[in-house]
Amino acid sequence: MHPRIALVGHPNCGKTSLFNALTHGHQKTGNYPGVTVERKEGLLQAPNGKTFTLVDLPGLYSLLAKSPDEEIARNVILGKIGQEQPLDLLVYVADATQLAFNLRFLLELKATGIPMILALNMMDLAQKREGLIDLKQLAHDLDMPVIPIVATKDQGINELVQSMSDTQQKHARPTNIVWQKPDALQIRQRYQQAKIIAANSQQRAVQPARWTQRLDKIILHPIAGPIILFSLLLLIFQAIFSWSALPQEWIENTFIGIQQWVTTTLPDGPFTRLLADGVIAGVGGVVVFLPQILLLFFFILLLEDSGYMARAAFLMDRLMGSVGLNGRAFIPLLSSFACAIPGIMSARTIENQRDRLITILIAPLMTCSARLPVYTLLIGAFIPVRTVWGGFNQQGLVLFSLYLIGILGSFAIALLLKHTLVKGTPQPLLLELPSYKLPTLRNLWHGLWDRALVFMRRAGTIILALTIILWFLSSYPGAPIGATEPAITYSYAGILGGYLEPVLRPIGFNLAIAIALIPGFAAREVAVAGLATVYAIEATEQGLETTLSMSLFQSWELATALAFLAWYIFAPQCMSTLAVTRRETNSWRWPIIMFSYMLLLAYGAAFATYHVSSYLLG
Amino acid sequence: MQQREETLTLDKLGKNIRAVITKICPESTINDNNLEQRLLAMGFIEGTTVTIRHFNWLGRDSLVVEIEEGAIIALRKAEASVICIQELH
């Protein structure tokens with residue numbers, strides 16, 4: 001086993017940049033046993049050939065753990081994670097522009113007795129803002145090596161690695177780590193001590209960041225602030241849809257090409273059909289979301305890296321507070337527009353159990369990208385392209401209102417939960433607004449790569465397996481000789497759908513929908529693949545999309561299509577979301593509640609939509 | 001009674017007025033037994049100078065405080081109300 005070194009520090013101190021600089025992307029993200037707090041580890045090679053395991057911990061201000069994220073970080077530091085090897089060395093990453101503030105937590109950690117190094121990050125900014133630091137004095141006062149670095153520019157990295165290797169060699173792994181929850185008096189004393197040490201090595205404190213102050217005057221302005229925020233959100237969604245159109249078309253065409261190549265090259269038979277209609281069509285139907293998911297994460301990473309995200313949380317705090325949520329819930333909910341899974345997982349940063357539960361429970365109501373293929377398919381088939389109200393595309397308006405209904409529904413549910421199942425007092429906000437920074441390409445790249453891998457793994461495993469099962473269910477047993485109905489009606493899916501259909505008839509759903517919903521309960525996008533399979537097996541291939549939307553237009557009433565859309569806003573059709581909720585809340589209670597309330601809402605919404613629109617449309 | 005009138009808390013401070021923290025009052029209405037410690041850990045400590053820079057656009061329920069030689073922190077009125085201050089002139 002390699003010696004283990006952890007990076008600790010405040011949020012926004014540049015830990016992730018340093019981690020990327022040290023590991024050059026040789027990292028793996030996984031989970032801690034039993035809980036799903038993300039574990040980020042990488043390998044680090046010292047010049048003398050020695051290898052270390054580097055652990056990146058969530059940002060902390062102290063070891064007073066409140067949120068699950070913080071608790072894990074504390075347990076790693078204190079060596080309390082089950083079978084995990086305890087730490088050999090801590091590298092404390094500090095923002096050099098806020099020396100005294102950062103030193104307090106360092107002193108708290110130093111008291112544990114674990115060998116430490118101080119990596120003083122953002123030295124360039126500190127120098128620019130007249131905050132010269134006497135490093136020798138600081139190292140003397142703290143009794144530990146102090147290495148100046150600029151993580152984003154790779155400055156001081158070699159010196160840091162050298163120092164890590166030296167310090168680790170000099171000190172044995174601590175055998176008994178002592179830590180007691182500090183009381184208020186101890187925190188005060190350490191703060192005073194930190195101030196004295198900082199003043200001792202720094203003649204004058206760093207000047208406040210003028211740029212940040214100036215920008216905040218605009219970005220947090222009572223009128224300009226919300227306008228900028230909502231324009232940014234609008235721009236992001238606009239970009240996600242228009243920029244991803246082209247790559248999505250390429251991916252679609254590629255998969256159709258492969259499908260055709262397979263069907264023409266290989267001899268016809270069950271295996272070829274499984275490969276073409278099951279595997280290739282299924283995986284293609286998922287990979288097609290990759291451009292959208294990556295674009296959304298690109299923007300989220302950009303907003304996080306630049307320092308804007310915390311401002312957005314502040315701007316949204318009052319609004320979200322009115323339905324009992326915390327401003328911090330903004331980030332998880334925004335992520336849920338790409339996929340509820342990373343959204344639910346990022347709710348870990350919310351300390352208060354009640355706020356966290358509400359955020360998790362309403363996250364799947366944000367329109368995730370898996371709903372988009374359903375929406376675009378049905379809107380394309382049933383809503384005519386028309387310009388209304390001076391310049392608005394009618395199809396776009398329908399899509400927008402589907403998003404809006406989801407958001408409003410989530411607010412209503414949040415309010416309801418606040419007064420019923422999830423009672424408790426609201427948590428404090430206490431959110432640091434970091435200085436604005438230019439995002440670095442390397443951080444963006446690593447962040448996106450991580451997300452892409454997670455998504456592709458999902459596409460490669462769960463969804464692939466489901467599409468194969470679906471293909472089997474809808475292909476076997478084959479139609480009897482002389483059958484009058486389409487072959488699918490005689491298959492297992494047809495039989496199961498037949499059982500389901502009477503339940504769904506009051507909301508206007510037909511047999512094809514009932515069949516597609518069976519695999520659709522596993523993952524939303526599979527329902528489209530399901531419909532495609534159902535109709536593709538009947539019709540001959542010639543441009544998947546057009547064929548499918550034409551078949552739908554011919555065989556569905558408008559009221560059915562609208563009811564199906566309404567159903568899709570709320571329906572709990574994603575096993576992964578439920579599984580993640582189970583893991584994150586550590587009980588079956590919440591996923592069951594989530595499933596039931598969403599199912600009820602979906603049925604009710606579809607029922608109302610079907611009957612109202614049938615009445616209105618005659 | 002006279003003493004109470006003199007005690008000003010951070011939530012009552014005006015925008016862009018410097019004030020020094022005199023006390024973090026542990027008696028709070030917020031059900032968070034660590035609030036005092038957490039405020040201290042974020043840099044709200046006696047003797048530090050603070051300035052309110054921004055209020056939320058929907059009202060004074062959340063605010064942005066600049067801590068001198070420290071961080072810029074967004075917090076809610078409830079948390080600000082346990083921070084006792086004295087205006088600096």
# chains A, B, ... in the order shown; residues from 1 in each chain; ligands from 1
call {"tool": "select_by_dssp", "arguments": {"residues": "range 150-265 of chain A", "states": "alpha helix (DSSP H)", "output": "PyMOL selection string"}}
result
chain A and resi 157-170+184-201+210-219+224-265
call {"tool": "residues_around", "arguments": {"residues": "range 291-299 of chain A", "least_positions_apart": "4", "cutoff": "9 Å", "atoms": "only C-alpha atoms", "output": "count of residues only"}}
result
26
call {"tool": "interface_residues", "arguments": {"of": "chain A", "to": "chain B", "cutoff": "9 Å", "atoms": "only C-alpha atoms", "output": "PyMOL selection string"}}
result
chain A and resi 61-62+64+66+97-102+104-105+182-185+187-188+191+205-208+213+216-217+220-223+225-226+310-311+314-319+424-435
call {"tool": "write_last_selection", "arguments": {"atoms": "C-alpha atoms", "output": "short mmCIF file (atom, residue, chain, number, x, y, z; two decimals), in the first residue's frame"}}
result
data_model
loop_
_atom_site.label_atom_id
_atom_site.label_comp_id
_atom_site.auth_asym_id
_atom_site.auth_seq_id
_atom_site.Cartn_x
_atom_site.Cartn_y
_atom_site.Cartn_z
CA TYR A 61 -14.11 25.35 7.58
CA SER A 62 -13.72 23.16 10.64
CA LEU A 64 -17.57 20.46 13.30
CA LYS A 66 -22.83 18.87 9.97
CA THR A 97 -5.13 36.19 0.25
CA GLN A 98 -6.98 35.31 3.49
CA LEU A 99 -4.13 34.15 5.67
CA ALA A 100 -5.53 34.59 9.20
CA PHE A 101 -8.94 33.18 8.23
CA ASN A 102 -7.32 30.07 6.71
CA ARG A 104 -7.50 28.99 12.18
CA PHE A 105 -8.62 25.68 10.70
CA PRO A 182 -13.85 22.37 20.05
CA ASP A 183 -16.05 24.62 22.14
CA ALA A 184 -16.61 28.27 21.33
CA LEU A 185 -13.81 29.39 23.62
CA ILE A 187 -12.28 28.46 18.50
CA ARG A 188 -11.87 32.02 19.75
CA TYR A 191 -8.54 32.49 15.99
CA ALA A 205 -3.04 42.23 5.24
CA VAL A 206 -3.97 41.63 1.63
CA GLN A 207 -6.09 44.37 0.12
CA PRO A 208 -9.67 43.35 -0.60
CA GLN A 213 -16.23 44.22 -5.10
CA ASP A 216 -20.60 42.26 -7.03
CA LYS A 217 -22.05 45.75 -7.24
CA LEU A 220 -25.77 41.37 -6.63
CA HIS A 221 -27.60 44.58 -7.55
CA PRO A 222 -31.29 44.41 -6.57
CA ILE A 223 -32.43 44.98 -10.15
CA GLY A 225 -28.71 40.92 -10.28
CA PRO A 226 -31.87 38.90 -10.93
CA ALA A 310 -22.48 31.01 -4.77
CA ARG A 311 -23.89 34.37 -5.86
CA PHE A 314 -27.62 33.95 -2.60
CA LEU A 315 -29.86 35.59 -5.19
CA MET A 316 -32.20 32.60 -5.13
CA ASP A 317 -32.19 32.20 -1.35
CA ARG A 318 -35.19 34.38 -0.62
CA LEU A 319 -37.24 32.91 -3.44
CA GLY A 424 -38.03 20.88 11.25
CA THR A 425 -36.37 24.24 11.46
CA PRO A 426 -34.59 25.83 8.53
CA GLN A 427 -30.82 25.76 8.50
CA PRO A 428 -28.59 28.82 8.42
CA LEU A 429 -27.33 29.95 5.02
CA LEU A 430 -23.71 30.86 5.89
CA LEU A 431 -22.24 30.71 2.42
CA GLU A 432 -18.88 32.13 1.45
CA LEU A 433 -18.86 34.18 -1.75
CA PRO A 434 -15.41 33.47 -3.20
CA SER A 435 -13.44 36.00 -5.24
#
call {"tool": "residues_around", "arguments": {"residues": "Leu13 in chain B", "least_positions_apart": "5", "cutoff": "9 Å", "atoms": "only C-alpha atoms", "output": "list in words"}}
result
Leu8, Arg18, Ala19, Thr51, Ile52, Ile85 and Glu87 of chain B
call {"tool": "residues_around", "arguments": {"residues": "Ile83 in chain B", "least_positions_apart": "6", "cutoff": "7 Å", "atoms": "only C-alpha atoms", "output": "list in words"}}
result
Thr9, Leu10, Ile21, Lys23, Ile24 and Cys25 of chain B
call {"tool": "closest_residue", "arguments": {"among": "A:Pro384, A:Pro86, A:Pro519, A:Pro332", "to": "Ala363 in chain A", "atoms": "only C-alpha atoms"}}
result
A:Pro332
call {"tool": "atom_distance", "arguments": {"atom1": "CA of Gln168 in chain A", "atom2": "CA of Lys50 in chain A"}}
result
10.8 Å
call {"tool": "atom_distance", "arguments": {"atom1": "CA of Asp56 in chain A", "atom2": "CA of Thr359 in chain A"}}
result
25.5 Å
